[in-house]
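Structure record follows, encoded as structure tokens.
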Amino acid sequence: MAGNPRAVRIAALIQRVVASALESQMHDKRLAGVTVTEVRVTNDLQIAKIYWTQLGRSGHEAGERKRAQQALRQASGRLRTLVGARAGLRLTPTLRFIYDEVPAEATEIEDVLTAARHRDEAMAKARVNASYAGDPDPYRHDDEEEADGSDSVTDEPAAEGTDETDR
């Protein structure tokens with residue numbers, strides 16, 4: 001997140017203020033398990049995008065996420081007021097809450113990599129005692145044919161009564 005150093009400092013301040021407010025001052029049960037993962041502020045300090053994630057119960061993630069999104073939308077005014085009071089800015093940025101998909105995607109990627117690792121280990125075990133299905137070296141080597149004296153092309157004339165054009 002290179003860019004305006006002031007925007008970076010304000011983003012870090014907003015992250016601390018919002019995270020502590022969610023933990024201690026917001027008494028909404030829908031916000032249980034909500035974690036602020038990152039805050040990005042535009043260079044003109046007008047908009048702060050707050051990325052969040054939530055630890056939910058297995059099987060209920062989608063519903064809990066919708067309820068938490070609604071609670072964050074409803075609490076955005078109060079959170080903006082807290083940010084303005086602690087930041088001391090002339091203009092407090094508008095807070096936009098965006099669900100962070102990265103942790104869920106990272107978990108899926110880890111699962112795929114684990115499955116691939118298990119398949120690779122199974123293939124390695126199968127290769128230990130494996131042998132080729134055909135000849136060990138199925139390719140024709142020109143130097144062996146010259147040594148045998150036999151060529152694949154025959155120099156014998158066609159049998160009598162056959163026309164070479166019929167072939």
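Naming scheme: A, B, ... for chains in displayed order of the structure tokens; residues 1 onward per chain; ligands 1 onward as shown.
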
Next item on the list: Mind checking which residues fall within 8 Å of Leu22 of chain A, counting only C-alpha atoms, ignoring those fewer than 5 positions away in the same chain, and posting them as JSON, numbers by chain?
Entry: {"A": [27, 31, 34]}

Check: Could you pull out all residues of segment 70-102 of chain A with a DSSP call of strand (DSSP E or B) and give them as a PyMOL selection string?
Finding: chain A and resi 94-99

Next item on the list: Just list the residues in chain A DSSP gives alpha helix (DSSP H) on the backbone, as JSON, numbers by chain.
Entry: {"A": [5, 6, 7, 8, 9, 10, 11, 12, 13, 14, 15, 16, 17, 18, 19, 20, 21, 22, 23, 24, 61, 62, 63, 64, 65, 66, 67, 68, 69, 70, 71, 72, 73, 74, 75, 76, 77, 78, 79, 80, 81, 82, 83, 84, 85, 86, 87, 102, 103, 104, 105, 106, 107, 108, 109, 110, 111, 112, 113, 114, 115, 116, 117, 118, 119, 120, 121, 122, 123, 124, 125, 126, 127, 128, 142, 143, 144, 145, 146, 147, 148]}

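Distances here use only C-alpha atoms; by that measure, the residue among A:Leu82, A:Ile50, A:Ala75, A:Ala126 closest to Tyr99 of chain A is A:Ile50.
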
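Using only C-alpha atoms, the nearest neighbour of Asp28 of chain A within the list A:Gln15, A:Ala71, A:Asn4, A:Val41 is A:Ala71.
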
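Look at Thr53 of chain A: the protein and nucleic acid residues within 7 Å of it, using only C-alpha atoms and passing over chain neighbours fewer than 2 places away, are A:Val34, A:Thr35, A:Val36, A:Thr37, A:Leu55, A:Tyr99, A:Asp100.
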
Next item on the list: Please provide the set of residues having any atom within 8 Å of Val17 of chain A, restricted to only C-alpha atoms, with same-chain residues fewer than 3 positions apart removed, written as a ChimeraX atom specification.
Entry: /A:13-14,20-21,82-83,86
